[in-house]
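Visitor: What follows is entry10.txt; its format and atoms are compact mmCIF, C-alpha atoms.
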# COMPACT_ATOMS: atom_id res chain seq x y z
CA LEU A 31 91.75 151.56 35.01
CA ASN A 32 88.05 151.13 35.62
CA ALA A 33 86.72 152.58 38.88
CA GLY A 34 83.12 152.87 39.98
CA MET A 35 80.89 153.61 42.91
CA GLY A 36 78.88 150.75 44.29
CA ALA A 37 75.55 150.60 46.05
CA ALA A 38 75.11 152.46 49.33
CA PHE A 39 72.33 152.30 51.88
CA GLY A 40 71.81 153.69 55.33
CA VAL A 41 69.57 154.98 58.07
CA GLY A 42 69.42 158.32 59.80
CA ALA A 43 67.44 160.98 61.57
CA GLY A 44 67.31 164.72 61.20
CA VAL A 45 65.84 167.82 62.76
CA ARG A 46 64.94 171.19 61.26
CA PHE A 47 64.57 174.45 63.15
CA ASN A 48 62.29 176.82 61.23
CA ILE A 49 63.55 180.40 61.15
CA ARG A 50 60.79 181.61 58.78
CA GLY A 51 58.05 179.81 56.89
CA TYR A 52 60.43 179.36 53.94
CA LEU A 53 63.81 179.09 55.74
CA GLY A 54 65.17 176.61 58.25
CA LEU A 55 68.38 175.32 59.79
CA GLY A 56 68.75 171.54 59.59
CA THR A 57 71.08 168.86 60.84
CA GLU A 58 71.13 165.08 60.59
CA LEU A 59 72.96 162.02 61.85
CA ASN A 60 73.24 159.27 59.20
CA PHE A 61 74.95 155.87 59.18
CA THR A 62 75.74 154.46 55.74
CA ARG A 63 77.27 151.31 54.29
CA ASN A 64 79.09 152.07 51.03
CA ALA A 65 80.86 150.07 48.35
CA ALA A 66 83.25 150.76 45.50
CA LYS A 67 85.23 148.75 42.98
CA MET A 68 88.31 149.21 40.88
CA ASP A 69 89.80 147.02 38.13
CA MET A 70 93.14 147.74 36.52
CA ALA A 71 95.72 146.19 34.24
CA VAL A 72 99.40 147.05 34.67
CA VAL A 73 102.14 146.20 32.16
CA GLY A 74 105.76 145.93 33.37
CA SER A 75 108.31 148.36 31.93
CA ASP A 76 110.08 145.44 30.20
CA ARG A 77 106.72 144.28 28.71
CA ASN A 78 107.39 140.77 30.05
CA SER A 79 104.72 140.94 32.75
CA VAL A 80 101.05 141.87 33.05
CA SER A 81 99.13 142.19 36.30
CA ASN A 82 95.35 142.45 36.59
CA VAL A 83 94.06 143.83 39.88
CA PHE A 84 90.42 143.51 40.99
CA GLN A 85 89.66 145.55 44.11
CA ARG A 86 86.40 145.54 46.07
CA ASN A 87 85.86 147.98 48.94
CA SER A 88 83.11 148.04 51.53
CA TYR A 89 83.07 150.64 54.27
CA TYR A 90 80.88 152.23 56.92
CA LYS A 91 80.67 155.85 57.98
CA VAL A 92 78.68 158.30 60.06
CA ASP A 93 77.71 161.60 58.38
CA LEU A 94 76.72 164.80 60.18
CA PRO A 95 75.48 167.50 57.76
CA VAL A 96 74.50 171.00 58.91
CA TYR A 97 72.65 173.09 56.34
CA LEU A 98 70.23 175.88 55.51
CA THR A 99 67.01 174.63 53.95
CA PHE A 100 64.82 176.72 51.68
CA MET A 101 61.19 175.53 51.40
CA PHE A 102 58.74 176.39 48.62
CA ASN A 103 55.02 175.52 48.53
CA LEU A 104 54.26 173.90 45.17
CA SER A 105 50.67 173.12 46.17
CA GLY A 106 48.61 172.71 49.32
CA THR A 107 50.12 169.25 49.96
CA VAL A 108 53.52 169.37 48.22
CA LYS A 109 56.60 171.28 49.39
CA TRP A 110 59.95 171.50 47.63
CA ASN A 111 63.14 171.96 49.64
CA VAL A 112 66.66 172.95 48.59
CA ASP A 113 69.44 172.39 51.15
CA ALA A 114 72.99 173.78 51.15
CA GLY A 115 75.64 173.47 53.85
CA MET A 116 78.59 171.45 55.08
CA TYR A 117 79.04 167.87 56.28
CA TYR A 118 81.51 166.06 58.51
CA SER A 119 81.90 162.30 58.21
CA TYR A 120 83.80 159.72 60.24
CA GLY A 121 84.65 156.24 58.95
CA THR A 122 83.75 153.52 61.42
CA GLY A 123 85.15 150.49 59.59
CA GLY A 124 85.60 148.67 56.31
CA LYS A 125 87.65 146.26 54.24
CA GLN A 126 89.64 146.40 51.02
CA LYS A 127 89.78 143.06 49.16
CA ASN A 128 92.19 142.60 46.25
CA THR A 129 92.65 139.73 43.83
CA ILE A 130 95.83 140.11 41.76
CA TYR A 131 96.51 137.95 38.69
CA ASP A 132 100.18 138.25 37.76
CA THR A 133 101.39 136.85 34.42
CA ARG A 134 105.01 137.00 33.31
CA ALA A 135 107.37 135.29 30.93
CA ASN A 136 110.26 133.42 32.58
CA GLU A 137 113.83 133.15 31.20
CA LEU A 138 112.75 130.35 28.82
CA GLY A 139 109.89 132.43 27.41
CA GLN A 140 107.24 130.32 29.17
CA LEU A 141 104.15 132.06 30.47
CA MET A 142 103.86 131.81 34.28
CA MET A 143 100.80 132.90 36.26
CA SER A 144 100.12 133.45 39.95
CA VAL A 145 97.06 134.57 41.89
CA THR A 146 97.26 136.56 45.13
CA ASN A 147 94.34 137.41 47.40
CA TYR A 148 95.10 140.36 49.61
CA LYS A 149 92.98 142.01 52.30
CA ALA A 150 93.50 145.24 54.23
CA ASP A 151 91.44 147.64 56.29
CA PHE A 152 89.71 150.42 54.36
CA TYR A 153 90.73 153.16 56.80
CA ASN A 154 94.28 154.15 57.89
CA ASP A 155 96.02 150.93 56.80
CA SER A 156 99.55 151.29 55.42
CA ARG A 157 99.30 147.72 54.00
CA ALA A 158 96.49 148.68 51.59
CA PHE A 159 96.94 148.36 47.83
CA ILE A 160 97.94 151.82 46.48
CA ASN A 161 96.21 153.63 49.36
CA SER A 162 93.60 153.41 52.08
CA TYR A 163 91.59 156.36 53.36
CA HIS A 164 91.55 158.75 56.30
CA ARG A 165 88.60 158.31 58.65
CA ARG A 166 87.68 162.00 58.80
CA ASP A 167 86.26 164.03 55.94
CA ILE A 168 84.61 167.41 55.53
CA GLY A 169 82.85 168.90 52.53
CA ILE A 170 79.82 170.45 50.88
CA HIS A 171 76.30 169.10 51.43
CA LEU A 172 73.73 169.76 48.67
CA ALA A 173 70.22 168.28 48.60
CA THR A 174 66.78 168.74 47.13
CA GLY A 175 63.51 166.93 47.61
CA LEU A 176 59.75 166.94 47.81
CA THR A 177 57.50 166.48 50.85
CA PHE A 178 54.05 165.04 50.14
CA GLY A 179 51.16 165.53 52.55
CA GLY A 180 53.46 167.01 55.16
CA HIS A 181 55.09 163.65 55.92
CA LEU A 182 56.52 161.60 53.01
CA LYS A 183 59.92 162.94 51.87
CA VAL A 184 61.60 161.91 48.61
CA GLY A 185 64.85 163.48 47.50
CA VAL A 186 68.44 163.32 46.37
CA ARG A 187 71.65 164.60 47.92
CA ALA A 188 75.31 164.98 47.11
CA HIS A 189 78.38 165.14 49.34
CA ILE A 190 81.41 166.72 47.70
CA GLY A 191 84.59 166.32 49.75
CA CYS A 192 86.95 169.26 50.26
CA SER A 193 89.84 167.33 51.83
CA ASN A 194 92.21 164.74 50.35
CA ILE A 195 91.22 161.53 52.14
CA ALA A 196 93.86 159.27 50.54
CA TYR A 197 96.12 157.66 53.17
CA SER A 198 99.38 156.51 51.61
CA THR A 199 102.88 155.77 52.89
CA GLY A 200 104.33 155.31 49.41
CA ILE A 201 106.49 157.59 47.29
CA VAL A 202 103.53 158.71 45.16
CA LYS A 203 100.84 160.54 47.12
CA PRO A 204 97.45 160.01 45.42
CA SER A 205 94.62 162.49 45.70
CA SER A 206 91.14 161.20 46.51
CA HIS A 207 88.03 163.22 47.34
CA THR A 208 84.55 162.10 48.37
CA LEU A 209 81.82 162.28 45.75
CA ASP A 210 78.63 160.66 47.06
CA PHE A 211 75.20 160.74 45.42
CA LEU A 212 72.35 159.35 47.50
CA GLY A 213 68.59 158.99 47.17
CA LEU A 214 66.38 159.65 50.18
CA VAL A 215 63.01 158.29 51.24
CA GLY A 216 61.85 159.31 54.68
CA TRP A 217 59.02 160.19 57.01
CA GLN A 218 58.73 163.66 58.52
CA PHE A 219 57.05 163.99 61.93
So that I can check it, write out the structure of this file as C-alpha cells.
Guide:
Amino acid sequence: LNAGMGAAFGVGAGVRFNIRGYLGLGTELNFTRNAAKMDMAVVGSDRNSVSNVFQRNSYYKVDLPVYLTFMFNLSGTVKWNVDAGMYYSYGTGGKQKNTIYDTRANELGQLMMSVTNYKADFYNDSRAFINSYHRRDIGIHLATGLTFGGHLKVGVRAHIGCSNIAYSTGIVKPSSHTLDFLGLVGWQF
C-alpha cells in the first residue's frame, strides 16, 4: 500500500478581532481543492490472483477555523503569529477514480488479465472502493506565520481531524482522519 497527499490550493478570507496588542480572536472562510492518491497490490488467498489498484481522488471543501492568535513583534516591520483553535469543514464535491488491473491463473494455468475503470463520488458514496468520506469534519487548527510591513502574510497551517470521516457500508469499518498541511500567502488589510 502506497498512499500520499496530493497538491492542494484554495482561496479564502479572514478577520481578526484584537483583544490586546498581542492577542486576538480570528476566524476565516476558505475554499480548497485537494487531491490524494493510493496504489495497492492485493494477492488472493489461493495465490492464483494479483490485483493492482490505482486510486486518484480529487475533492473540494469549505473550511471554517476559529482560533486565538498570539502576535509577537520581531522588529518594527515584522510580526510573528501563532494560532491555535478548532476548525469545521464541509465537503462540497469530489470524485474517486480507480483503475484496477486484475491478473489470475485460469484452470489451465494460463495467465489472464482484465482492466476495470471505476468511478465514484468522493463523499457519502456506498459504491466507492473500500470507502468514501463523510462531508463534515471537525478538528484542531494550528498555524504560524510572519507579517511583513503590516500587510504581506506568509505562513503554514495544519488541520488535524478529531472525527473518523471514513464512510463505509462494508463489514470492515476503516478509520480515516484529516491531516492537512497548507502554506499560506496573503494580504492583510
Visitor: Residues at most 7 Å from range 207-209 of chain A, counting only C-alpha atoms, excluding those fewer than 5 positions away in the same chain, as a PyMOL selection string?
Guide: chain A and resi 189-195
Visitor: Please indicate the distance in Å from CA of Asn64 in chain A to CA of Gly185 in chain A, rounded to one decimal place.
Guide: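 Separating CA of Asn64 in chain A from CA of Gly185 in chain A is a distance of 18.6 Å.
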Visitor: For a quick check of understanding, using only C-alpha atoms, which of A:Leu59, A:Leu182, A:Val83, A:Met116 has the smallest distance to Gly44 in chain A?
Guide: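 With only C-alpha atoms as the atom set, the closest residue is A:Leu59.
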Visitor: What lies within 7 Å of Asn87 in chain A using only C-alpha atoms, ignoring chain neighbours under 6 positions off, as a count of residues only?
Guide: 6
Visitor: Nearest to Asn154 in chain A: which of A:Ile170, A:Tyr197, A:Arg134, A:Ala114 is it, counting all atoms listed in the file?
Guide: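 Smallest separation from Asn154 in chain A among the options: A:Tyr197.
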Visitor: Skip Thr199 in chain A itself and residues of its chain fewer than 5 positions away, then list as a ChimeraX atom specification all residues within 10 Å of it, counting all atoms listed in the file.
Guide: /A:155-158,160-162
Visitor: Could you dump the residues just selected with C-alpha atoms as a PDB file, keeping the file's coordinate frame?
Guide:
ATOM      1  CA  ASP A 155      96.020 150.930  56.800  1.00  0.00           C
ATOM      2  CA  SER A 156      99.550 151.290  55.420  1.00  0.00           C
ATOM      3  CA  ARG A 157      99.300 147.720  54.000  1.00  0.00           C
ATOM      4  CA  ALA A 158      96.490 148.680  51.590  1.00  0.00           C
ATOM      5  CA  ILE A 160      97.940 151.820  46.480  1.00  0.00           C
ATOM      6  CA  ASN A 161      96.210 153.630  49.360  1.00  0.00           C
ATOM      7  CA  SER A 162      93.600 153.410  52.080  1.00  0.00           C
TER       8      SER A 162
END
Visitor: Could you check how far CA of Leu98 in chain A sits from CA of Gly179 in chain A, in Å to one decimal?
Guide: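 Pair CA of Leu98 in chain A / CA of Gly179 in chain A returns 21.9 Å.
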Visitor: I'd like to know which of A:Ala188, A:Met142, A:Ala150, A:Leu212 is closest to Gly124 in chain A, using only C-alpha atoms.
Guide: A:Ala150
Visitor: Have a look at A:Asn128, A:Thr177, A:Ser88, A:Ser75 and name the one nearest to Ala37 in chain A; count all atoms listed in the file.
Guide: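 When distances to Ala37 in chain A are compared using all atoms listed in the file, the smallest one comes from A:Ser88.
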Visitor: Pick the closest to Ala43 in chain A from A:Phe219, A:Phe178, A:Phe84, A:Tyr97: which is it, counting only C-alpha atoms?
Guide: A:Phe219
Visitor: Between A:Val96, A:Leu138, A:Leu214, A:Ile130, which has the minimum distance to Asp113 in chain A (counting all atoms listed in the file)?
Guide: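 Nearest to Asp113 in chain A: A:Val96.
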Visitor: Quick one: distance from CA of Ile168 in chain A to CA of Gly216 in chain A in Å, one decimal?
Guide: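 Interatomic distance here is 24.2 Å.
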Visitor: What's around Arg166 in chain A at 9 Å? Count only C-alpha atoms, leave out sequence neighbours fewer than 4 positions away in its own chain, and write the answer as a list of chain:residue names.
Guide: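 So the residues in contact are A:Tyr118, A:Ser119, A:Tyr120, A:Gly121, A:Ile195.
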Visitor: Could you give me, as an MDAnalysis selection string, the residues that sit within 10 Å of (66.1, 175.9, 59.4) in the file's coordinates, counting only C-alpha atoms?
Guide: chainID A and resid 45:57 96:101 113
Visitor: Identify, on the basis of all atoms listed in the file, every residue whose closest approach to Gln218 in chain A does not exceed 8 Å; exclude the query and any residue fewer than 4 positions from it along the same chain; express the result as a ChimeraX atom specification.
Guide: /A:180-183
Visitor: With 6 Å on each side, where is the centre of the axis-aligned box around all listed atoms of range 193-208 of chain A, and how long are its edges in Å to one decimal, as JSON?
Guide:
{"center_x": 95.5, "center_y": 161.3, "center_z": 49.2, "size_x": 33.9, "size_y": 24.0, "size_z": 20.0}
Visitor: Kindly add N, CA, C and O atoms to the incomplete range 49-64 of chain A and provide the output as a compact mmCIF listing (two decimals), keeping the file's coordinate frame.
Guide:
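Output file selection_23.txt is given in full below:
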# COMPACT_ATOMS: atom_id res chain seq x y z
N ILE A 49 63.25 179.00 60.87
CA ILE A 49 63.55 180.40 61.15
C ILE A 49 62.41 181.28 60.62
O ILE A 49 61.97 182.21 61.28
N ARG A 50 61.94 180.99 59.43
CA ARG A 50 60.79 181.61 58.78
C ARG A 50 59.98 180.49 58.15
O ARG A 50 60.40 179.33 58.15
N GLY A 51 58.87 180.84 57.55
CA GLY A 51 58.05 179.81 56.89
C GLY A 51 58.75 179.17 55.71
O GLY A 51 58.43 178.07 55.30
N TYR A 52 59.72 179.83 55.13
CA TYR A 52 60.43 179.36 53.94
C TYR A 52 61.90 179.01 54.20
O TYR A 52 62.59 178.54 53.31
N LEU A 53 62.38 179.26 55.43
CA LEU A 53 63.81 179.09 55.74
C LEU A 53 63.98 178.34 57.05
O LEU A 53 63.31 178.64 58.04
N GLY A 54 64.90 177.38 57.04
CA GLY A 54 65.17 176.61 58.25
C GLY A 54 66.64 176.24 58.35
O GLY A 54 67.40 176.33 57.38
N LEU A 55 67.03 175.83 59.53
CA LEU A 55 68.38 175.32 59.79
C LEU A 55 68.22 173.85 60.15
O LEU A 55 67.48 173.51 61.07
N GLY A 56 68.90 172.98 59.39
CA GLY A 56 68.75 171.54 59.59
C GLY A 56 70.06 170.86 59.91
O GLY A 56 71.14 171.34 59.58
N THR A 57 69.94 169.73 60.58
CA THR A 57 71.08 168.86 60.84
C THR A 57 70.58 167.42 60.87
O THR A 57 69.39 167.16 61.09
N GLU A 58 71.47 166.50 60.64
CA GLU A 58 71.13 165.08 60.59
C GLU A 58 72.27 164.25 61.17
O GLU A 58 73.40 164.73 61.28
N LEU A 59 71.96 163.02 61.49
CA LEU A 59 72.96 162.02 61.85
C LEU A 59 72.61 160.78 61.05
O LEU A 59 71.54 160.19 61.23
N ASN A 60 73.49 160.39 60.12
CA ASN A 60 73.24 159.27 59.20
C ASN A 60 74.36 158.25 59.29
O ASN A 60 75.53 158.60 59.39
N PHE A 61 73.99 156.98 59.23
CA PHE A 61 74.95 155.87 59.18
C PHE A 61 74.76 155.19 57.84
O PHE A 61 73.65 154.79 57.49
N THR A 62 75.85 155.08 57.06
CA THR A 62 75.74 154.46 55.74
C THR A 62 76.76 153.34 55.56
O THR A 62 77.83 153.36 56.13
N ARG A 63 76.37 152.37 54.75
CA ARG A 63 77.27 151.31 54.29
C ARG A 63 77.48 151.58 52.81
O ARG A 63 76.54 151.74 52.04
N ASN A 64 78.74 151.69 52.39
CA ASN A 64 79.09 152.07 51.03
C ASN A 64 79.96 150.98 50.40
O ASN A 64 80.57 150.19 51.10
